[in-house]
Amino acid sequence: MYIKGRAWTFGRNVNTDLIFPKVWFRPTYGPGEMASHLMAGIDEDFPRKVAPGDIIVGGQNFGCGSSREEAAAAMKEAGVGAVVAPSFGRLFTRNAINVGLPIVTSPRIDEHIVQGDEIEIDLANGRIRNLRSGYEARLPPMAPESLRLIEDGGIANYTRRVLAERRAAAARG
Amino acid sequence: MHAIHKIIARHANRASVEVGEIVNAVPDYVMLNDRGAARAADLLRQMGGDRVLDPSRVIVVFDHHYPPIRPQDSVAQKQTREWIKEQGITRFHAGEGIGHVIFPEKGYSFPGALIFGTDSHTVTNSALGCVATGMGHSDIASYLAIGYNWLKVPEVIRFDLHGRFKRGVFAKDVALRIAQLFGEDAAPYLGVEFAGPLVDEMAMAERLVLCNMVIDFGAKTGYVQPDAITARWMTDRAPDRSWTAERTDSEKDYARIVNLNVSEIEPLVAVPHDLSDVRNAADLYDVRIDEAIFGTCTGGRIDDFRVAAAIMRGKKLAPHTRMMVNPGSRETYLQAMREGLIDIMVEAGATIGVPGCGPCSGCHQGMLAPAENAITNASRNFKGRFGSPEANAYVASSATVAASAIAGRIVSPARASND
């Protein structure tokens with residue numbers, strides 16, 4: 001999986017209350033609704049600035065706090081190409097994988113990227129590169145199961161496939 | 001293997017598991033809160049699932065937005081009630097309190113169990129010696145459809161607590177001390193066990209506070225080795241439940257062991273908007289308090305009410321200070337009434353709300369206005385957590401919150417609890 005895009009930088013310990021504030025919680029969401037509130041706790045204009053393929057770069061412990069899946073789902077819906085940080089909150093990591101949003105951990109990466117930098121990520125070969133500065137780092141290998149979930153487009157597709165397999169098996173008797 | 005690994009292995013139908021490995025595990029119980037149930041039901045349909053595979057493992061709790069606040073909540077809750085009936089889910093609790101308070105009370109969490117929930121504070125249950133972790137809505141919807149979830153086997157670290165608490169110091173202050181020393185990412189993706197002589201004597205309520213807070217250090221689950229205190233809790237709460245405690249094989253099963261002497265800890269407060277920015281309560285006298293927010297899955301148990309009422313007895317809130325109290329559960333509410341603790345708080349001027357998440361849900365009664373200061377025994381001081389993003393939240397123990405509500409400023413409870 002190969003991703004290239006423009007960087008938007010955020011700080012350390014950015015919690016999911018900031019990425020997707022509770023006031024925008026709904027029982028169901030229309031198309032584009034989650035994306036329209038992305039990062040509302042930090043910059044209400046962000047949804048109008050971010051373009052498909054852009055890369056979100058966070059500081060340490062990015063996406064900490066509440067389990068709200070909307071934080072990752074809103075990024076996916078906005079077309080964010082990948083989210084990159086030195087470390088992530090556990091639930092955010094899990095939710096990113098489950099919604100099929102490439103999530104990349106790289107030590108001190110936030111010190112090597114400034115807003116607007118062009119970033120290139122090669123997930124299959126485990127490499128991240130800042131095309132402006134030439135900075136390059138190797139990525140720790142992602143668990144194959146997680147990579148497959150991302151490539152499948154997330155846990156919804158995975159679940160559809162398991163259900164279809166079970167139904168086919170049941171039909172065969 | 002660590003006990004946490006043995007629990008995961010057993011629920012993945014495996015003899016053993018390795019750290020870092022991803023396994024598919026079948027939980028004993030899955031908690032869906034009001035929001036989680038509405039979203040998961042919707043996502044389940046989107047995933048092509050027409051029914052919940054095993055409704056006997058699903059427990060639905062309305063705690064965030066109950067009673068419904070906005071018309072959209074009323075509609076969602078009505079749909080969820082219908083969905084629950086349709087799916088044959090029989091364990092349903094509305095208005096009975098917060099999932100993470102109800103679970104241990106009703107014996108839904110028990111030693112050796114694996115518990116998932118649609119809420120980050122699901123980790124609270126791990127004080128019983130189980131593995132308990134929060135998940136996203138798609139995760140839980142997938143579980144409902146296919147009956148298992150992927151789980152990465154975490155490394156485990158252990159905090160050994162030594163020493164004696166000073167007057168006015170509680171488990172909450174230990175949790176804040178850990179955040180102060182090691183940051184909000186003290187334990188990313190890790191299992192966190194609490195042990196040592198202090199934990200051996202610690203009441204279950206205090207163990208629940210420690211394990212509740214591990215999510216805010218980034219952890220996947222907490223853990224306390226089940227002992228006589230755990231066994232007594234289970235006998236009192238769920239005598240019919242059979243359970244098996246797992247044991248950790250050796251010290252080698254820990255990635256790290258941290259010794260913490262609690263004797264030096266003062267009553268602490270996390271100041272806005274960072275849980276690891278922690279000061280001594282005694283040094284924050286200049287902070288004027290507009291609202292005290294008391295309750296939540298961190299500080300809404302009967303023990304918290306006893307501590308607060310002892311401080312508030314015969315006193316009044318400061319004239320410029322209001323206090324919102326939400327019991328963690330109906331059982332807590334009833335017990336606090338029986339013991340006269342609610343009387344003490346109401347006479348002091350506090351407002352009692354329904355058992356549930358209260359203002360910590362971000363939209364229930366007790367929201368803050370811009371530039372207001374609140375002190376709370378909840379777990380988070382995030383920006384905008386209790387209403388306006390321009391408001392300030394200070395996180396402290398139940399004792400510090402009660403003492404500060406009376407003083408109208410942040411004070412140490414060390415003297416207040418002396419009488």
# chains A, B, ... in the order shown; residues from 1 in each chain; ligands from 1
call {"tool": "residues_around", "arguments": {"residues": "stretch 398-405 of chain B", "least_positions_apart": "4", "cutoff": "7 Å", "atoms": "only C-alpha atoms", "output": "NGL selection string"}}
result
:B and (168 or 292 or 299 or 304 or 307-308 or 311-312 or 317-318 or 321 or 323 or 375-377 or 409-413 or 416)
call {"tool": "write_last_selection", "arguments": {"atoms": "C-alpha atoms", "output": "PDB file, in the first residue's frame"}}
result
ATOM      1  CA  GLY B 168      -6.814  12.882  52.859  1.00  0.00           C
ATOM      2  CA  ALA B 292     -18.144  20.667  41.770  1.00  0.00           C
ATOM      3  CA  GLY B 299     -15.965   8.479  41.748  1.00  0.00           C
ATOM      4  CA  ASP B 304     -17.070   8.161  47.568  1.00  0.00           C
ATOM      5  CA  VAL B 307     -15.971  10.264  52.175  1.00  0.00           C
ATOM      6  CA  ALA B 308     -17.714  13.351  50.765  1.00  0.00           C
ATOM      7  CA  ILE B 311     -16.479  16.358  54.896  1.00  0.00           C
ATOM      8  CA  MET B 312     -19.757  18.132  54.058  1.00  0.00           C
ATOM      9  CA  LEU B 317     -21.413  25.037  49.682  1.00  0.00           C
ATOM     10  CA  ALA B 318     -19.572  28.312  49.184  1.00  0.00           C
ATOM     11  CA  THR B 321     -20.273  27.346  44.111  1.00  0.00           C
ATOM     12  CA  MET B 323     -22.471  21.039  43.081  1.00  0.00           C
ATOM     13  CA  ILE B 375     -13.444  20.412  40.120  1.00  0.00           C
ATOM     14  CA  THR B 376     -14.479  16.805  39.590  1.00  0.00           C
ATOM     15  CA  ASN B 377     -13.786  13.292  40.835  1.00  0.00           C
ATOM     16  CA  ARG B 409     -11.715  27.168  46.028  1.00  0.00           C
ATOM     17  CA  ILE B 410      -9.370  24.254  45.610  1.00  0.00           C
ATOM     18  CA  VAL B 411      -8.246  23.062  49.030  1.00  0.00           C
ATOM     19  CA  SER B 412      -6.578  19.974  50.403  1.00  0.00           C
ATOM     20  CA  PRO B 413      -9.021  17.664  52.191  1.00  0.00           C
ATOM     21  CA  ALA B 416     -11.342  19.141  56.207  1.00  0.00           C
TER      22      ALA B 416
END
call {"tool": "interface_residues", "arguments": {"of": "chain B", "to": "chain A", "cutoff": "8 Å", "atoms": "only C-alpha atoms", "output": "MDAnalysis selection string"}}
result
chainID B and resid 22 35 38:39 42 46:49 72:73 76 118:121 134:139 142 145:146 184:185 188:189 215:216 218:220 362:363 382:385 389
call {"tool": "write_last_selection", "arguments": {"atoms": "C-alpha atoms", "output": "PDB file, in the first residue's frame"}}
result
ATOM      1  CA  ILE B  22      -3.272 -11.165  17.376  1.00  0.00           C
ATOM      2  CA  ARG B  35     -24.891   5.351  22.269  1.00  0.00           C
ATOM      3  CA  ALA B  38     -27.733   2.580  18.741  1.00  0.00           C
ATOM      4  CA  ARG B  39     -24.538   2.793  16.673  1.00  0.00           C
ATOM      5  CA  ASP B  42     -26.968   0.480  12.808  1.00  0.00           C
ATOM      6  CA  GLN B  46     -24.678  -2.131   7.393  1.00  0.00           C
ATOM      7  CA  MET B  47     -22.420  -5.195   7.784  1.00  0.00           C
ATOM      8  CA  GLY B  48     -25.253  -7.390   6.560  1.00  0.00           C
ATOM      9  CA  GLY B  49     -25.907  -8.995   9.950  1.00  0.00           C
ATOM     10  CA  GLN B  72     -32.663  12.531  18.935  1.00  0.00           C
ATOM     11  CA  ASP B  73     -31.795  10.592  22.133  1.00  0.00           C
ATOM     12  CA  ALA B  76     -32.519   6.392  19.451  1.00  0.00           C
ATOM     13  CA  THR B 118     -18.447   0.260  23.823  1.00  0.00           C
ATOM     14  CA  ASP B 119     -16.730   2.655  26.199  1.00  0.00           C
ATOM     15  CA  SER B 120     -13.129   3.384  27.093  1.00  0.00           C
ATOM     16  CA  HIS B 121     -13.746   3.060  30.849  1.00  0.00           C
ATOM     17  CA  GLY B 134     -13.187  -0.778  25.465  1.00  0.00           C
ATOM     18  CA  MET B 135     -13.818  -1.057  21.740  1.00  0.00           C
ATOM     19  CA  GLY B 136     -15.262   0.983  18.919  1.00  0.00           C
ATOM     20  CA  HIS B 137     -18.764   0.603  17.591  1.00  0.00           C
ATOM     21  CA  SER B 138     -17.750  -1.257  14.419  1.00  0.00           C
ATOM     22  CA  ASP B 139     -15.734  -3.659  16.565  1.00  0.00           C
ATOM     23  CA  SER B 142     -18.702  -7.161  14.210  1.00  0.00           C
ATOM     24  CA  ALA B 145     -22.531 -10.579  13.989  1.00  0.00           C
ATOM     25  CA  ILE B 146     -19.764 -13.174  14.199  1.00  0.00           C
ATOM     26  CA  GLU B 184      -0.803  10.294  29.818  1.00  0.00           C
ATOM     27  CA  ASP B 185       0.942   7.588  27.819  1.00  0.00           C
ATOM     28  CA  PRO B 188       0.389   2.555  25.795  1.00  0.00           C
ATOM     29  CA  TYR B 189      -1.400  -0.623  24.705  1.00  0.00           C
ATOM     30  CA  ILE B 215      -7.266   3.985  30.142  1.00  0.00           C
ATOM     31  CA  ASP B 216      -6.068   7.508  30.739  1.00  0.00           C
ATOM     32  CA  GLY B 218      -3.193   4.488  27.453  1.00  0.00           C
ATOM     33  CA  ALA B 219      -3.612   0.937  28.772  1.00  0.00           C
ATOM     34  CA  LYS B 220      -5.626  -1.894  27.268  1.00  0.00           C
ATOM     35  CA  GLY B 362     -20.798  16.071  27.796  1.00  0.00           C
ATOM     36  CA  CYS B 363     -24.447  16.979  27.446  1.00  0.00           C
ATOM     37  CA  PHE B 382     -10.078  17.312  28.692  1.00  0.00           C
ATOM     38  CA  LYS B 383     -11.011  20.559  27.043  1.00  0.00           C
ATOM     39  CA  GLY B 384     -14.772  20.760  26.536  1.00  0.00           C
ATOM     40  CA  ARG B 385     -15.442  17.568  28.494  1.00  0.00           C
ATOM     41  CA  PRO B 389     -14.390  24.337  25.483  1.00  0.00           C
TER      42      PRO B 389
END
call {"tool": "residues_around", "arguments": {"residues": "stretch 277-291 of chain B", "least_positions_apart": "4", "cutoff": "10 Å", "atoms": "only C-alpha atoms", "output": "number ranges by chain"}}
result
B: 173, 176-181, 183-184, 265-273, 317-324, 350, 366-369, 371-376, 392-396, 400-401, 404-414
call {"tool": "residues_around", "arguments": {"residues": "stretch 252-256 of chain B", "least_positions_apart": "3", "cutoff": "6 Å", "atoms": "only C-alpha atoms", "output": "list in words"}}
result
Met1, His2, Val156 and Ile157 of chain B
call {"tool": "select_by_dssp", "arguments": {"residues": "stretch 60-136 of chain A", "states": "alpha helix (DSSP H)", "output": "number ranges by chain"}}
result
A: 70-77, 90-99
call {"tool": "atom_distance", "arguments": {"atom1": "atom CA of A:Ile103", "atom2": "atom CA of A:Val84"}}
result
6.0 Å
call {"tool": "closest_residue", "arguments": {"among": "A:Arg6, A:Arg167, A:Lys49, A:Lys76", "to": "A:Arg132", "atoms": "only C-alpha atoms"}}
result
A:Arg6
call {"tool": "residues_around", "arguments": {"residues": "stretch 58-70 of chain B", "least_positions_apart": "3", "cutoff": "8 Å", "atoms": "only C-alpha atoms", "output": "PyMOL selection string"}}
result
chain B and resi 29-35+37+54-55+73-74+77+89-99+355-358+361+363-364
call {"tool": "closest_residue", "arguments": {"among": "B:Ala310, B:Ala3, B:Leu275, B:Val174", "to": "B:Glu193", "atoms": "only C-alpha atoms"}}
result
B:Ala3
call {"tool": "closest_residue", "arguments": {"among": "A:Gly79, A:Gly58, A:Gly126, A:Gly53", "to": "A:Asp110", "atoms": "only C-alpha atoms"}}
result
A:Gly58
call {"tool": "atom_distance", "arguments": {"atom1": "atom CA of A:Ile97", "atom2": "atom CA of A:Gly153"}}
result
8.8 Å
call {"tool": "residues_around", "arguments": {"residues": "stretch 133-137 of chain A", "least_positions_apart": "4", "cutoff": "12 Å", "atoms": "only C-alpha atoms", "output": "list in words"}}
result
Pro86, Val104, Thr105, Ser106, Pro107, Arg108, Ile109, Asp110, Glu111, His112, Ile113, Val114, Gly116, Asp117, Glu118, Ile119, Glu120, Ile121, Asp122, Leu123, Asn125, Gly126, Arg127, Ile128 and Arg129 of chain A
call {"tool": "select_by_dssp", "arguments": {"residues": "stretch 20-143 of chain A", "states": "strand (DSSP E or B)", "output": "list in words"}}
result
Ile55, Ile56, Val57, Phe62, Cys64, Ala82, Val83, Val84, Ala85, Phe88, Ile103, Val104, Thr105, Glu118, Ile119, Glu120, Ile121, Asp122, Arg127, Ile128, Arg129, Asn130, Glu136, Ala137 and Arg138 of chain A
call {"tool": "write_last_selection", "arguments": {"atoms": "C-alpha atoms", "output": "PDB file, in the first residue's frame"}}
result
ATOM      1  CA  ILE A  55      -1.878  13.070   5.879  1.00  0.00           C
ATOM      2  CA  ILE A  56      -2.540  13.904   9.534  1.00  0.00           C
ATOM      3  CA  VAL A  57       0.621  14.077  11.636  1.00  0.00           C
ATOM      4  CA  PHE A  62      -2.296  11.002  19.445  1.00  0.00           C
ATOM      5  CA  CYS A  64      -5.908   9.216  23.461  1.00  0.00           C
ATOM      6  CA  ALA A  82      -2.947   8.117   6.592  1.00  0.00           C
ATOM      7  CA  VAL A  83      -2.438   9.222  10.168  1.00  0.00           C
ATOM      8  CA  VAL A  84       1.125   9.357  11.460  1.00  0.00           C
ATOM      9  CA  ALA A  85       2.517   9.898  14.992  1.00  0.00           C
ATOM     10  CA  PHE A  88      -1.209   6.575  19.445  1.00  0.00           C
ATOM     11  CA  ILE A 103      -2.090   4.284  10.829  1.00  0.00           C
ATOM     12  CA  VAL A 104       1.677   4.674  11.007  1.00  0.00           C
ATOM     13  CA  THR A 105       3.833   4.817  14.123  1.00  0.00           C
ATOM     14  CA  GLU A 118       4.742  16.335   1.132  1.00  0.00           C
ATOM     15  CA  ILE A 119       4.900  12.903   2.778  1.00  0.00           C
ATOM     16  CA  GLU A 120       5.272   9.511   1.154  1.00  0.00           C
ATOM     17  CA  ILE A 121       4.421   6.261   2.953  1.00  0.00           C
ATOM     18  CA  ASP A 122       5.093   2.765   1.655  1.00  0.00           C
ATOM     19  CA  ARG A 127       9.099   3.243   4.830  1.00  0.00           C
ATOM     20  CA  ILE A 128       8.112   6.884   5.418  1.00  0.00           C
ATOM     21  CA  ARG A 129       9.759   9.818   3.632  1.00  0.00           C
ATOM     22  CA  ASN A 130       9.462  13.613   3.845  1.00  0.00           C
ATOM     23  CA  GLU A 136      13.426   9.019   5.785  1.00  0.00           C
ATOM     24  CA  ALA A 137      12.600   6.390   8.398  1.00  0.00           C
ATOM     25  CA  ARG A 138      11.855   2.693   8.461  1.00  0.00           C
TER      26      ARG A 138
END
call {"tool": "residues_around", "arguments": {"residues": "B:Asn259", "least_positions_apart": "5", "cutoff": "12 Å", "atoms": "only C-alpha atoms", "output": "tab-separated table (two decimals) with N, CA and C atoms, in the first residue's frame"}}
result
chain	number	residue	atom	x	y	z
B	157	ILE	N	2.81	-4.47	32.55
B	157	ILE	CA	3.68	-3.84	33.56
B	157	ILE	C	2.96	-3.89	34.91
B	158	ARG	N	3.75	-3.79	35.98
B	158	ARG	CA	3.15	-3.87	37.32
B	158	ARG	C	3.58	-2.68	38.16
B	159	PHE	N	2.64	-2.07	38.81
B	159	PHE	CA	2.94	-1.04	39.80
B	159	PHE	C	2.79	-1.66	41.18
B	160	ASP	N	3.89	-1.71	41.94
B	160	ASP	CA	3.82	-2.19	43.32
B	160	ASP	C	3.72	-0.99	44.25
B	161	LEU	N	2.62	-0.93	44.97
B	161	LEU	CA	2.38	0.22	45.85
B	161	LEU	C	2.79	-0.13	47.28
B	162	HIS	N	3.67	0.71	47.81
B	162	HIS	CA	4.16	0.51	49.18
B	162	HIS	C	3.80	1.73	50.03
B	163	GLY	N	3.90	1.56	51.34
B	163	GLY	CA	3.75	2.69	52.26
B	163	GLY	C	2.33	2.86	52.75
B	178	ILE	N	0.79	8.71	39.23
B	178	ILE	CA	1.33	7.93	38.11
B	178	ILE	C	1.29	8.78	36.83
B	193	GLU	N	-0.95	-4.04	35.89
B	193	GLU	CA	-1.35	-4.70	37.14
B	193	GLU	C	-0.98	-3.83	38.33
B	194	PHE	N	-1.86	-3.80	39.32
B	194	PHE	CA	-1.54	-3.13	40.58
B	194	PHE	C	-1.35	-4.20	41.65
B	195	ALA	N	-0.24	-4.09	42.39
B	195	ALA	CA	0.06	-5.08	43.42
B	195	ALA	C	0.81	-4.39	44.56
B	196	GLY	N	1.35	-5.19	45.45
B	196	GLY	CA	2.10	-4.64	46.58
B	196	GLY	C	1.26	-4.58	47.83
B	197	PRO	N	1.93	-4.34	48.98
B	197	PRO	CA	1.24	-4.41	50.28
B	197	PRO	C	0.03	-3.49	50.39
B	198	LEU	N	0.07	-2.33	49.75
B	198	LEU	CA	-1.05	-1.40	49.86
B	198	LEU	C	-2.28	-1.93	49.13
call {"tool": "closest_residue", "arguments": {"among": "B:Leu210, B:Arg237, B:Asp274, B:Ser56", "to": "B:Ser126", "atoms": "only C-alpha atoms"}}
result
B:Leu210
